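Below: protein.txt (compact mmCIF, C-alpha atoms)
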```
# COMPACT_ATOMS: atom_id res chain seq x y z
CA MET A 1 21.98 -57.92 -64.09
CA ARG A 2 20.84 -57.71 -67.71
CA GLY A 3 17.25 -57.78 -66.48
CA GLU A 4 17.90 -54.88 -64.11
CA HIS A 5 19.45 -52.82 -66.89
CA GLY A 6 16.44 -53.60 -69.06
CA LYS A 7 14.09 -52.34 -66.37
CA VAL A 8 16.10 -49.12 -65.98
CA ALA A 9 15.98 -48.56 -69.73
CA GLY A 10 12.27 -49.35 -69.81
CA PHE A 11 11.60 -46.91 -66.98
CA ILE A 12 13.50 -44.13 -68.77
CA VAL A 13 11.63 -44.77 -72.02
CA LEU A 14 8.28 -44.75 -70.23
CA ALA A 15 9.16 -41.53 -68.39
CA LEU A 16 10.16 -39.81 -71.63
CA ALA A 17 7.02 -41.05 -73.37
CA LEU A 18 4.72 -39.77 -70.63
CA LEU A 19 6.44 -36.56 -69.62
CA VAL A 20 7.90 -35.38 -72.94
CA LEU A 21 6.43 -37.12 -75.98
CA ALA A 22 2.75 -37.30 -75.00
CA PRO A 23 2.37 -33.60 -74.05
CA ALA A 24 4.18 -32.62 -77.26
CA VAL A 25 2.07 -34.60 -79.74
CA LEU A 26 -1.36 -34.94 -78.12
CA SER A 27 -4.12 -32.35 -78.04
CA ASP A 28 -5.44 -31.18 -74.68
CA PHE A 29 -8.45 -33.48 -75.05
CA ARG A 30 -6.35 -36.57 -75.87
CA LEU A 31 -3.86 -35.72 -73.14
CA SER A 32 -6.71 -35.57 -70.62
CA LEU A 33 -7.88 -38.96 -71.86
CA LEU A 34 -4.38 -40.34 -71.41
CA GLY A 35 -4.35 -38.94 -67.87
CA ARG A 36 -7.49 -40.93 -67.18
CA PHE A 37 -5.87 -44.07 -68.56
CA VAL A 38 -2.74 -43.44 -66.51
CA CYS A 39 -4.93 -43.59 -63.40
CA TYR A 40 -6.05 -47.04 -64.54
CA GLY A 41 -2.39 -47.93 -64.99
CA ILE A 42 -1.65 -46.94 -61.39
CA VAL A 43 -4.37 -49.30 -60.17
CA ALA A 44 -2.97 -52.02 -62.42
CA VAL A 45 0.51 -51.78 -60.88
CA GLY A 46 -1.00 -52.58 -57.48
CA ILE A 47 -2.96 -55.49 -58.94
CA GLY A 48 0.26 -56.77 -60.46
CA LEU A 49 1.81 -56.82 -57.00
CA ALA A 50 -1.14 -58.54 -55.32
CA TRP A 51 -2.09 -60.92 -58.13
CA GLY A 52 1.02 -61.37 -60.24
CA ARG A 53 3.45 -61.73 -57.35
CA GLY A 54 1.12 -62.61 -54.49
CA GLY A 55 -1.36 -64.89 -56.24
CA MET A 56 -4.37 -62.96 -54.90
CA LEU A 57 -7.00 -62.60 -57.64
CA THR A 58 -8.31 -59.18 -56.64
CA LEU A 59 -11.67 -58.69 -58.33
CA GLY A 60 -12.68 -55.82 -56.07
CA GLN A 61 -10.10 -53.07 -56.57
CA GLY A 62 -12.92 -50.77 -57.62
CA VAL A 63 -13.75 -50.48 -53.91
CA PHE A 64 -10.41 -48.92 -53.00
CA PHE A 65 -10.39 -46.86 -56.20
CA GLY A 66 -13.81 -45.56 -55.18
CA LEU A 67 -12.82 -44.81 -51.60
CA GLY A 68 -9.96 -42.59 -52.71
CA ALA A 69 -12.10 -41.01 -55.41
CA TYR A 70 -15.03 -40.19 -53.15
CA VAL A 71 -12.76 -38.72 -50.47
CA MET A 72 -11.23 -36.41 -53.06
CA ALA A 73 -14.65 -35.59 -54.58
CA MET A 74 -16.06 -34.68 -51.17
CA HIS A 75 -13.20 -32.27 -50.57
CA LEU A 76 -13.60 -30.67 -54.00
CA LYS A 77 -17.35 -30.19 -53.50
CA LEU A 78 -16.79 -28.61 -50.10
CA ALA A 79 -14.02 -26.38 -51.47
CA ASP A 80 -16.29 -25.21 -54.29
CA ALA A 81 -19.07 -24.47 -51.79
CA GLY A 82 -16.77 -22.16 -49.83
CA PRO A 83 -16.23 -21.87 -46.05
CA ASN A 84 -19.16 -23.44 -44.20
CA GLY A 85 -20.93 -23.81 -47.55
CA VAL A 86 -23.19 -26.67 -48.61
CA PRO A 87 -22.62 -28.66 -51.83
CA ASP A 88 -25.25 -27.97 -54.46
CA PHE A 89 -26.71 -31.50 -54.67
CA MET A 90 -27.38 -31.53 -50.92
CA LYS A 91 -29.65 -28.53 -51.35
CA LEU A 92 -31.60 -30.35 -54.07
CA TYR A 93 -31.82 -33.86 -52.64
CA GLY A 94 -30.86 -33.59 -48.98
CA SER A 95 -31.63 -31.54 -45.92
CA GLY A 96 -29.35 -28.68 -46.92
CA VAL A 97 -27.00 -29.49 -44.04
CA VAL A 98 -23.53 -30.97 -44.49
CA PRO A 99 -23.27 -34.32 -42.65
CA VAL A 100 -20.86 -34.40 -39.72
CA TRP A 101 -18.67 -37.01 -41.38
CA TRP A 102 -18.15 -34.70 -44.38
CA GLU A 103 -16.76 -31.82 -42.33
CA PRO A 104 -13.17 -33.13 -41.83
CA PHE A 105 -12.70 -33.18 -45.60
CA ARG A 106 -12.84 -29.41 -45.79
CA ASP A 107 -9.19 -29.56 -44.73
CA PRO A 108 -6.89 -30.47 -47.66
CA VAL A 109 -4.34 -32.09 -45.35
CA VAL A 110 -6.97 -34.35 -43.79
CA THR A 111 -8.17 -35.19 -47.29
CA VAL A 112 -4.72 -36.25 -48.51
CA VAL A 113 -4.15 -38.35 -45.41
CA ALA A 114 -7.59 -39.96 -45.74
CA ILE A 115 -6.96 -40.85 -49.40
CA VAL A 116 -4.12 -43.05 -48.21
CA LEU A 117 -5.42 -44.11 -44.81
CA VAL A 118 -9.04 -45.06 -45.58
CA PRO A 119 -8.25 -47.65 -48.30
CA ALA A 120 -5.35 -48.94 -46.21
CA LEU A 121 -7.52 -49.50 -43.12
CA VAL A 122 -10.32 -51.17 -45.09
CA ALA A 123 -7.84 -53.44 -46.87
CA TYR A 124 -6.05 -54.26 -43.62
CA GLY A 125 -9.27 -55.17 -41.84
CA LEU A 126 -10.55 -57.26 -44.74
CA GLY A 127 -7.16 -58.86 -45.34
CA MET A 128 -6.67 -59.89 -41.75
CA ALA A 129 -10.19 -61.31 -41.58
CA VAL A 130 -9.78 -63.29 -44.80
CA PHE A 131 -6.15 -64.39 -44.87
CA ARG A 132 -6.08 -65.41 -41.20
CA ARG A 133 -8.81 -67.90 -42.08
CA ARG A 134 -6.75 -69.10 -45.06
CA VAL A 135 -9.32 -68.04 -47.62
CA ARG A 136 -7.63 -68.01 -51.03
CA GLY A 137 -8.03 -68.80 -54.70
CA ALA A 138 -11.50 -68.61 -56.20
CA TYR A 139 -13.10 -68.05 -52.78
CA PHE A 140 -11.07 -64.89 -52.23
CA ALA A 141 -11.85 -63.69 -55.78
CA ILE A 142 -15.58 -64.19 -55.26
CA LEU A 143 -15.46 -62.44 -51.90
CA SER A 144 -13.63 -59.42 -53.28
CA GLN A 145 -16.05 -59.20 -56.21
CA ALA A 146 -19.02 -59.36 -53.85
CA LEU A 147 -17.47 -56.52 -51.87
CA ALA A 148 -17.31 -54.37 -55.01
CA ALA A 149 -20.95 -55.13 -55.83
CA ALA A 150 -22.07 -54.30 -52.29
CA PHE A 151 -20.08 -51.07 -52.31
CA ALA A 152 -21.67 -49.89 -55.56
CA ILE A 153 -25.16 -50.75 -54.29
CA LEU A 154 -24.48 -48.84 -51.07
CA LEU A 155 -23.43 -45.75 -53.02
CA VAL A 156 -26.51 -45.88 -55.24
CA GLY A 157 -28.74 -45.71 -52.18
CA GLN A 158 -27.10 -42.58 -50.74
CA GLN A 159 -28.64 -39.89 -52.95
CA ALA A 160 -28.81 -37.21 -50.27
CA THR A 161 -25.29 -37.61 -48.90
CA ILE A 162 -23.02 -38.72 -51.77
CA GLY A 163 -25.08 -38.20 -54.90
CA GLY A 164 -26.47 -41.70 -55.39
CA THR A 165 -26.48 -42.91 -59.00
CA ASN A 166 -25.44 -39.48 -60.28
CA GLY A 167 -22.34 -39.48 -58.11
CA LEU A 168 -20.35 -36.34 -57.42
CA ASN A 169 -19.48 -34.00 -60.30
CA GLY A 170 -19.26 -30.40 -61.41
CA PHE A 171 -15.93 -29.65 -59.72
CA ARG A 172 -14.51 -26.19 -60.40
CA SER A 173 -11.19 -26.21 -58.56
CA PHE A 174 -8.42 -28.52 -57.39
CA PHE A 175 -6.60 -27.30 -54.26
CA GLY A 176 -7.05 -23.73 -55.41
CA PHE A 177 -6.32 -24.31 -59.11
CA ASN A 178 -9.05 -23.62 -61.67
CA LEU A 179 -9.99 -26.89 -63.36
CA PHE A 180 -11.24 -25.06 -66.46
CA ASP A 181 -7.77 -23.70 -67.19
CA PRO A 182 -5.99 -25.84 -69.85
CA VAL A 183 -2.67 -25.23 -68.10
CA ASN A 184 -4.00 -26.77 -64.90
CA LYS A 185 -5.42 -29.71 -66.83
CA ARG A 186 -1.96 -30.39 -68.19
CA MET A 187 -0.61 -30.07 -64.67
CA LEU A 188 -3.00 -32.82 -63.58
CA PHE A 189 -1.66 -35.08 -66.32
CA TYR A 190 1.90 -34.50 -65.15
CA ILE A 191 0.87 -35.28 -61.57
CA ALA A 192 -0.78 -38.52 -62.66
CA ALA A 193 2.17 -39.53 -64.85
CA GLY A 194 4.65 -38.70 -62.08
CA THR A 195 2.57 -40.72 -59.61
CA LEU A 196 2.60 -43.74 -61.95
CA LEU A 197 6.38 -43.53 -62.26
CA ALA A 198 6.76 -43.19 -58.48
CA VAL A 199 4.50 -46.18 -57.85
CA LEU A 200 6.51 -48.23 -60.35
CA LEU A 201 9.70 -47.36 -58.49
CA VAL A 202 8.21 -48.37 -55.14
CA VAL A 203 6.87 -51.67 -56.48
CA TRP A 204 10.17 -52.35 -58.24
CA GLN A 205 11.98 -51.99 -54.93
CA LEU A 206 9.48 -54.36 -53.32
CA TYR A 207 10.09 -56.90 -56.08
CA ARG A 208 13.85 -56.70 -55.52
CA SER A 209 13.64 -56.90 -51.74
CA ARG A 210 13.54 -59.90 -49.48
CA TYR A 211 9.85 -59.26 -49.02
CA GLY A 212 9.32 -59.66 -52.77
CA GLU A 213 10.97 -63.07 -52.69
CA LEU A 214 8.89 -64.05 -49.68
CA LEU A 215 5.71 -62.97 -51.46
CA ILE A 216 6.51 -65.24 -54.41
CA ALA A 217 7.25 -68.07 -52.00
CA VAL A 218 3.86 -67.60 -50.34
CA ARG A 219 2.19 -67.62 -53.75
CA ASP A 220 3.88 -70.85 -54.84
CA GLN A 221 4.31 -72.80 -51.58
CA GLU A 222 2.29 -71.24 -48.78
CA GLU A 223 2.50 -74.23 -46.44
CA ARG A 224 6.28 -74.46 -46.74
CA VAL A 225 6.58 -70.78 -45.87
CA ARG A 226 4.44 -71.39 -42.79
CA PHE A 227 6.67 -74.29 -41.73
CA LEU A 228 9.69 -72.01 -42.03
CA GLY A 229 8.24 -69.76 -39.35
CA TYR A 230 6.65 -67.00 -41.43
CA ASP A 231 2.99 -66.09 -41.28
CA PRO A 232 1.70 -66.05 -44.88
CA ALA A 233 -1.30 -63.98 -43.80
CA ASN A 234 0.94 -61.05 -42.83
CA VAL A 235 2.84 -61.28 -46.10
CA LYS A 236 -0.38 -61.22 -48.11
CA VAL A 237 -1.89 -58.39 -46.08
CA VAL A 238 1.07 -56.11 -46.83
CA ALA A 239 0.69 -56.64 -50.59
CA TYR A 240 -3.07 -56.25 -50.38
CA VAL A 241 -2.78 -52.99 -48.42
CA VAL A 242 -0.19 -51.57 -50.82
CA ALA A 243 -2.44 -52.42 -53.78
CA ALA A 244 -5.38 -50.77 -52.01
CA VAL A 245 -3.45 -47.58 -51.26
CA VAL A 246 -2.24 -47.39 -54.85
CA ALA A 247 -5.83 -47.80 -56.09
CA GLY A 248 -7.06 -45.12 -53.68
CA VAL A 249 -4.44 -42.64 -54.90
CA ALA A 250 -5.40 -43.42 -58.50
CA GLY A 251 -9.06 -42.79 -57.69
CA ALA A 252 -8.22 -39.47 -56.07
CA LEU A 253 -6.35 -38.35 -59.21
CA PHE A 254 -9.12 -39.67 -61.46
CA VAL A 255 -11.70 -37.28 -59.98
CA PRO A 256 -10.22 -33.90 -61.01
CA ILE A 257 -9.03 -35.29 -64.35
CA VAL A 258 -12.39 -36.75 -65.41
CA GLY A 259 -14.65 -34.43 -63.43
CA ILE A 260 -17.00 -37.07 -62.02
CA ILE A 261 -17.11 -40.14 -59.83
CA SER A 262 -20.16 -42.38 -59.61
CA PRO A 263 -21.06 -45.95 -58.61
CA ALA A 264 -20.65 -46.96 -62.26
CA SER A 265 -16.89 -46.32 -61.93
CA VAL A 266 -16.29 -48.40 -58.81
CA GLY A 267 -18.41 -51.55 -59.09
CA VAL A 268 -17.86 -55.03 -60.46
CA VAL A 269 -17.47 -54.11 -64.14
CA PRO A 270 -14.64 -51.55 -63.60
CA SER A 271 -12.91 -53.97 -61.21
CA ILE A 272 -12.92 -56.68 -63.87
CA ALA A 273 -11.74 -54.16 -66.49
CA PHE A 274 -8.72 -53.37 -64.32
CA LEU A 275 -7.95 -57.08 -64.16
CA ILE A 276 -8.29 -57.58 -67.92
CA GLY A 277 -5.69 -54.90 -68.60
CA VAL A 278 -3.29 -56.51 -66.14
CA ALA A 279 -3.79 -59.97 -67.63
CA ILE A 280 -3.24 -58.74 -71.18
CA GLY A 281 -0.16 -56.73 -70.29
CA GLY A 282 1.45 -59.39 -68.11
CA ARG A 283 0.59 -59.65 -64.44
CA SER A 284 3.98 -60.92 -63.21
CA THR A 285 6.07 -58.20 -64.89
CA LEU A 286 6.87 -54.70 -63.68
CA PHE A 287 5.65 -52.62 -66.62
CA GLY A 288 3.15 -55.08 -68.10
CA PRO A 289 0.16 -54.29 -65.84
CA ALA A 290 0.37 -50.53 -66.34
CA LEU A 291 1.02 -50.71 -70.08
CA GLY A 292 -1.72 -53.30 -70.53
CA ALA A 293 -4.28 -51.23 -68.64
CA ILE A 294 -3.39 -48.05 -70.55
CA ALA A 295 -3.36 -49.82 -73.93
CA VAL A 296 -6.69 -51.57 -73.37
CA ALA A 297 -8.37 -48.37 -72.19
CA TRP A 298 -6.92 -46.41 -75.12
CA ALA A 299 -8.03 -49.08 -77.59
CA GLN A 300 -11.50 -49.14 -76.06
CA THR A 301 -11.89 -45.40 -76.53
CA SER A 302 -10.38 -45.30 -80.02
CA LEU A 303 -12.14 -48.34 -81.43
CA SER A 304 -15.48 -47.57 -79.81
CA GLU A 305 -15.46 -44.22 -81.63
CA SER A 306 -15.30 -46.06 -84.97
CA PHE A 307 -16.92 -49.38 -84.09
CA PRO A 308 -19.19 -48.74 -81.11
CA SER A 309 -21.07 -52.04 -81.52
CA PHE A 310 -18.04 -54.31 -81.94
CA TRP A 311 -15.50 -53.09 -79.39
CA ILE A 312 -16.67 -55.42 -76.62
CA TYR A 313 -16.25 -58.44 -78.93
CA PHE A 314 -12.72 -57.34 -79.79
CA GLN A 315 -11.88 -56.96 -76.11
CA GLY A 316 -13.21 -60.42 -75.32
CA ALA A 317 -11.35 -62.02 -78.25
CA LEU A 318 -8.11 -60.32 -77.24
CA PHE A 319 -8.47 -61.55 -73.68
CA VAL A 320 -9.18 -65.12 -74.79
CA LEU A 321 -6.23 -65.14 -77.20
CA VAL A 322 -3.80 -63.80 -74.61
CA VAL A 323 -4.93 -66.26 -71.94
CA ALA A 324 -4.79 -69.16 -74.40
CA PHE A 325 -1.48 -68.43 -76.15
CA LEU A 326 0.33 -65.93 -73.92
CA PRO A 327 -0.77 -66.68 -70.36
CA ARG A 328 1.94 -64.40 -68.96
CA GLY A 329 0.78 -61.44 -71.06
CA LEU A 330 1.90 -59.50 -74.12
CA SER A 331 4.93 -58.11 -72.30
CA THR A 332 6.55 -61.56 -72.47
CA VAL A 333 6.55 -61.68 -76.29
CA GLY A 334 10.06 -60.22 -76.44
CA SER A 335 11.54 -62.74 -74.02
CA ILE A 336 9.83 -65.62 -75.86
CA LEU A 337 11.27 -64.52 -79.20
CA THR A 338 14.71 -64.09 -77.63
CA ARG A 339 14.67 -67.62 -76.20
CA ARG A 340 13.60 -69.04 -79.55
CA ARG A 341 16.48 -67.29 -81.35
CA GLU A 342 18.94 -68.57 -78.77
CA THR A 343 17.71 -72.16 -79.11
CA ALA A 344 17.53 -72.03 -82.91
```

Using structure tokens, write down the structure from this file.
Amino acid sequence: MRGEHGKVAGFIVLALALLVLAPAVLSDFRLSLLGRFVCYGIVAVGIGLAWGRGGMLTLGQGVFFGLGAYVMAMHLKLADAGPNGVPDFMKLYGSGVVPVWWEPFRDPVVTVVAIVLVPALVAYGLGMAVFRRRVRGAYFAILSQALAAAFAILLVGQQATIGGTNGLNGFRSFFGFNLFDPVNKRMLFYIAAGTLLAVLLVVWQLYRSRYGELLIAVRDQEERVRFLGYDPANVKVVAYVVAAVVAGVAGALFVPIVGIISPASVGVVPSIAFLIGVAIGGRSTLFGPALGAIAVAWAQTSLSESFPSFWIYFQGALFVLVVAFLPRGLSTVGSILTRRRETA
């Protein structure tokens, strides 16, 4: 019960920090940066579910992040082009005709549904193919990383249809709102922060449910769960799909906040960066993944401004120290100190 009260208090503090404190003390530029980092935090919550609770080392979440991002970017480019218009880059590099598979994304409702449905379907198909064959551990991690690499390479080669290496950028509006208006930029931050809080609530309920207990059981003793009559593959697929949907939603929010999406944001390196934040924050905790991802991204931006040549070494040293001395992440420091005081 004390743990539940602690989570409620932590949720309230986080909500106040994001929705009240940050907009009050940060400039518009820094608030926009924080909105970007909040998107990373949303992805991290899903990784915490799949990896921290499910034991699935997901090294390819950039794929699902990219799927949601590109769906949103396609809609924004079509909206900026106007009814039956053609996005600017297609006139420069393509045939000047909108591909048939772009046309459904003129509709904002179809776009919102696709942001959720496309990552979910890809994750479901991949999950069923992999988990039914009992692929796990390092093999699953390598496979998911290879998927991210292949996805990025595929995007690079599609210059005429999705912008290639340059990606999609230059968005002017977001569902009718002018993206150059500072008020609307703040609105985007509130949407991202509210989405993070909503995702945390959903994942918290999953952790507390019978499914959450079953997911831990599959992580720790998969064969015993199978002998009890449950199919571990189905349990894993659910967590994997939820993590994919969460990543897709984060990618969709990332696009209007940052103003660009390219293969550099969805490949192997970003996927590993997501994982590093989760590991540092604490993959098996509720708030640790999100706070770790936000803190690492914020530190990267702040320190790279002052020490552009040394940030990567600091990040590597921090990761090594956490893995070596705090394998459950920085969020467990408080509980460790509490146990030591009680045993002293």

Using only C-alpha atoms, what table do you get, as JSON lines, when you list each residue of region 125-176 of chain A with an atom no more than 12 Å from region 50-57 of chain A, its nearest pair of atoms, and their distance in Å rounded to one decimal, rows by chain then rising number?
```
{"residue": "A:Gly127", "atom": "CA", "partner": "A:Met56", "partner_atom": "CA", "distance": 10.8}
{"residue": "A:Val130", "atom": "CA", "partner": "A:Met56", "partner_atom": "CA", "distance": 11.5}
{"residue": "A:Phe131", "atom": "CA", "partner": "A:Met56", "partner_atom": "CA", "distance": 10.3}
{"residue": "A:Arg134", "atom": "CA", "partner": "A:Met56", "partner_atom": "CA", "distance": 11.8}
{"residue": "A:Val135", "atom": "CA", "partner": "A:Met56", "partner_atom": "CA", "distance": 10.2}
{"residue": "A:Arg136", "atom": "CA", "partner": "A:Met56", "partner_atom": "CA", "distance": 7.1}
{"residue": "A:Gly137", "atom": "CA", "partner": "A:Met56", "partner_atom": "CA", "distance": 6.9}
{"residue": "A:Ala138", "atom": "CA", "partner": "A:Leu57", "partner_atom": "CA", "distance": 7.6}
{"residue": "A:Tyr139", "atom": "CA", "partner": "A:Leu57", "partner_atom": "CA", "distance": 9.5}
{"residue": "A:Phe140", "atom": "CA", "partner": "A:Leu57", "partner_atom": "CA", "distance": 7.1}
{"residue": "A:Ala141", "atom": "CA", "partner": "A:Leu57", "partner_atom": "CA", "distance": 5.3}
{"residue": "A:Ile142", "atom": "CA", "partner": "A:Leu57", "partner_atom": "CA", "distance": 9.0}
{"residue": "A:Leu143", "atom": "CA", "partner": "A:Leu57", "partner_atom": "CA", "distance": 10.2}
{"residue": "A:Ser144", "atom": "CA", "partner": "A:Leu57", "partner_atom": "CA", "distance": 8.5}
{"residue": "A:Gln145", "atom": "CA", "partner": "A:Leu57", "partner_atom": "CA", "distance": 9.8}
```

Would you mind exporting the chosen residues as a PDB file, in the coordinates of the input, restricted to C-alpha atoms?
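Wrote out_0.pdb, looks like this:
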```pdb
ATOM      1  CA  GLY A 127      -7.160 -58.860 -45.340  1.00  0.00           C
ATOM      2  CA  VAL A 130      -9.780 -63.290 -44.800  1.00  0.00           C
ATOM      3  CA  PHE A 131      -6.150 -64.390 -44.870  1.00  0.00           C
ATOM      4  CA  ARG A 134      -6.750 -69.100 -45.060  1.00  0.00           C
ATOM      5  CA  VAL A 135      -9.320 -68.040 -47.620  1.00  0.00           C
ATOM      6  CA  ARG A 136      -7.630 -68.010 -51.030  1.00  0.00           C
ATOM      7  CA  GLY A 137      -8.030 -68.800 -54.700  1.00  0.00           C
ATOM      8  CA  ALA A 138     -11.500 -68.610 -56.200  1.00  0.00           C
ATOM      9  CA  TYR A 139     -13.100 -68.050 -52.780  1.00  0.00           C
ATOM     10  CA  PHE A 140     -11.070 -64.890 -52.230  1.00  0.00           C
ATOM     11  CA  ALA A 141     -11.850 -63.690 -55.780  1.00  0.00           C
ATOM     12  CA  ILE A 142     -15.580 -64.190 -55.260  1.00  0.00           C
ATOM     13  CA  LEU A 143     -15.460 -62.440 -51.900  1.00  0.00           C
ATOM     14  CA  SER A 144     -13.630 -59.420 -53.280  1.00  0.00           C
ATOM     15  CA  GLN A 145     -16.050 -59.200 -56.210  1.00  0.00           C
TER      16      GLN A 145
END
```

Contact table region 218-288 of chain A vs region 65-71 of chain A, cut-off 9 Å, shortest pair per residue, all atoms listed in the file, as JSON lines:
```
{"residue": "A:Ala244", "atom": "CA", "partner": "A:Phe65", "partner_atom": "CA", "distance": 7.6}
{"residue": "A:Val245", "atom": "CA", "partner": "A:Gly68", "partner_atom": "CA", "distance": 8.3}
{"residue": "A:Val246", "atom": "CA", "partner": "A:Phe65", "partner_atom": "CA", "distance": 8.3}
{"residue": "A:Ala247", "atom": "CA", "partner": "A:Phe65", "partner_atom": "CA", "distance": 4.7}
{"residue": "A:Gly248", "atom": "CA", "partner": "A:Gly68", "partner_atom": "CA", "distance": 4.0}
{"residue": "A:Val249", "atom": "CA", "partner": "A:Gly68", "partner_atom": "CA", "distance": 5.9}
{"residue": "A:Ala250", "atom": "CA", "partner": "A:Phe65", "partner_atom": "CA", "distance": 6.5}
{"residue": "A:Gly251", "atom": "CA", "partner": "A:Ala69", "partner_atom": "CA", "distance": 4.2}
{"residue": "A:Ala252", "atom": "CA", "partner": "A:Ala69", "partner_atom": "CA", "distance": 4.2}
{"residue": "A:Leu253", "atom": "CA", "partner": "A:Ala69", "partner_atom": "CA", "distance": 7.4}
{"residue": "A:Phe254", "atom": "CA", "partner": "A:Ala69", "partner_atom": "CA", "distance": 6.9}
{"residue": "A:Val255", "atom": "CA", "partner": "A:Ala69", "partner_atom": "CA", "distance": 5.9}
{"residue": "A:Ile261", "atom": "CA", "partner": "A:Ala69", "partner_atom": "CA", "distance": 6.7}
{"residue": "A:Ser262", "atom": "CA", "partner": "A:Gly66", "partner_atom": "CA", "distance": 8.4}
{"residue": "A:Pro263", "atom": "CA", "partner": "A:Gly66", "partner_atom": "CA", "distance": 8.0}
{"residue": "A:Ser265", "atom": "CA", "partner": "A:Gly66", "partner_atom": "CA", "distance": 7.5}
{"residue": "A:Val266", "atom": "CA", "partner": "A:Gly66", "partner_atom": "CA", "distance": 5.2}
{"residue": "A:Gly267", "atom": "CA", "partner": "A:Gly66", "partner_atom": "CA", "distance": 8.5}
```

>> Report as a ChimeraX atom specification all protein, DNA and RNA residues lying within 12 Å of region 201-211 of chain A, evaluated on all atoms listed in the file, omitting residues in the same chain fewer than 5 positions from it.
In response: /A:1,3-4,7-8,10-12,15,42,44-50,52-54,194-196,216-218,230,232,234-236,238-239,242-243,246,284-287,289-290

> Quick one, how far is CA of Ser95 (chain A) from CA of Ala148 (chain A)?
Replying inline: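 Those two atoms sit 28.4 Å apart.
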
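Comparing the minimum interatomic distances between Pro270 (chain A) and each of A:Thr301, A:Thr161, A:Gln61, A:Ser309, counting only C-alpha atoms, we find that A:Gln61 sits nearest.
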
>> I'd like the neighbourhood of Val268 (chain A) as a PyMOL selection string, where a residue qualifies if any of its atoms comes within 10 Å (using all atoms listed in the file), though same-chain residues fewer than 4 positions away should be ignored.
In response: chain A and resi 59-63+144-152+263-264+272-273

> Separation of CA of Asp80 (chain A) and CA of Arg172 (chain A), in Å?
Replying inline: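 Going from CA of Asp80 (chain A) over to CA of Arg172 (chain A), I get 6.4 Å.
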
> Got a sec: who's within 8 Å of Gly329 (chain A), counting only C-alpha atoms, leaving out chain neighbours fewer than 4 positions off, as a list in words?
Replying inline: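 Listing them by chain and then by number gives Ala279, Ile280, Gly281, Gly282, Arg283, Gly288, Val322, Val323 and Val333 of chain A.
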
>> Neighbouring residues of Tyr124 (chain A) were defined as those with any atom within 8 Å, considering all atoms listed in the file; residues of the same chain fewer than 2 positions away were excluded. Please report them as a PyMOL selection string.
In response: chain A and resi 120-122+126-128+237+240-241

> Counting all atoms listed in the file, which of A:Gly157, A:Gly6, A:Gly35, A:Gly176 gets nearest to Trp298 (chain A)?
Replying inline: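 Ranking A:Gly157, A:Gly6, A:Gly35, A:Gly176 by distance to Trp298 (chain A), first place goes to A:Gly35.
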
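Between CA of Glu305 (chain A) and CA of Leu16 (chain A) lies a distance of 27.9 Å.
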
For region 140-155 of chain A, I'd like the enclosing box, axis-aligned and padded by 6 Å on every side, reported as lines of an AutoDock Vina configuration file with centre and edge lengths in Å to one decimal.
```
center_x = -18.1
center_y = -55.3
center_z = -53.6
size_x = 26.1
size_y = 31.1
size_z = 17.1
```

Would you write out, as a tab-separated table, a table of all residues in region 32-82 of chain A that have an atom no more than 8 Å from an atom of region 86-91 of chain A, listing for each the closest atom pair and the distance in Å to one decimal, considering all atoms listed in the file and ordering rows by chain and rising residue number?
```
residue	atom	partner	partner_atom	distance
A:Lys77	CA	A:Pro87	CA	5.7
A:Leu78	CA	A:Pro87	CA	6.1
A:Asp80	CA	A:Pro87	CA	7.6
A:Ala81	CA	A:Pro87	CA	5.5
A:Gly82	CA	A:Val86	CA	7.9
```

>> Need to verify the contact set: region 103-107 of chain A, 6 Å, all atoms listed in the file, exclusion of same-chain residues closer than 3 positions in sequence. Can you return it as JSON, numbers by chain?
In response: {"A": [75, 78, 100, 110, 111]}

Can region 298-303 of chain A be brought up to N, CA, C and O atoms and written out as a PDB file, in the coordinates of the input?
```pdb
ATOM      1  N   TRP A 298      -7.088 -47.246 -73.931  1.00  0.00           N
ATOM      2  CA  TRP A 298      -6.920 -46.410 -75.120  1.00  0.00           C
ATOM      3  C   TRP A 298      -7.592 -47.054 -76.324  1.00  0.00           C
ATOM      4  O   TRP A 298      -8.274 -46.388 -77.106  1.00  0.00           O
ATOM      5  N   ALA A 299      -7.403 -48.369 -76.474  1.00  0.00           N
ATOM      6  CA  ALA A 299      -8.030 -49.080 -77.590  1.00  0.00           C
ATOM      7  C   ALA A 299      -9.552 -49.042 -77.480  1.00  0.00           C
ATOM      8  O   ALA A 299     -10.255 -48.890 -78.478  1.00  0.00           O
ATOM      9  N   GLN A 300     -10.048 -49.181 -76.261  1.00  0.00           N
ATOM     10  CA  GLN A 300     -11.500 -49.140 -76.060  1.00  0.00           C
ATOM     11  C   GLN A 300     -12.070 -47.809 -76.520  1.00  0.00           C
ATOM     12  O   GLN A 300     -13.083 -47.756 -77.226  1.00  0.00           O
ATOM     13  N   THR A 301     -11.407 -46.728 -76.138  1.00  0.00           N
ATOM     14  CA  THR A 301     -11.890 -45.400 -76.530  1.00  0.00           C
ATOM     15  C   THR A 301     -11.767 -45.184 -78.027  1.00  0.00           C
ATOM     16  O   THR A 301     -12.702 -44.701 -78.683  1.00  0.00           O
ATOM     17  N   SER A 302     -10.619 -45.545 -78.593  1.00  0.00           N
ATOM     18  CA  SER A 302     -10.380 -45.300 -80.020  1.00  0.00           C
ATOM     19  C   SER A 302     -11.276 -46.152 -80.897  1.00  0.00           C
ATOM     20  O   SER A 302     -11.897 -45.659 -81.848  1.00  0.00           O
ATOM     21  N   LEU A 303     -11.351 -47.448 -80.596  1.00  0.00           N
ATOM     22  CA  LEU A 303     -12.140 -48.340 -81.430  1.00  0.00           C
ATOM     23  C   LEU A 303     -13.633 -48.131 -81.253  1.00  0.00           C
ATOM     24  O   LEU A 303     -14.409 -48.290 -82.197  1.00  0.00           O
TER      25      LEU A 303
END
```
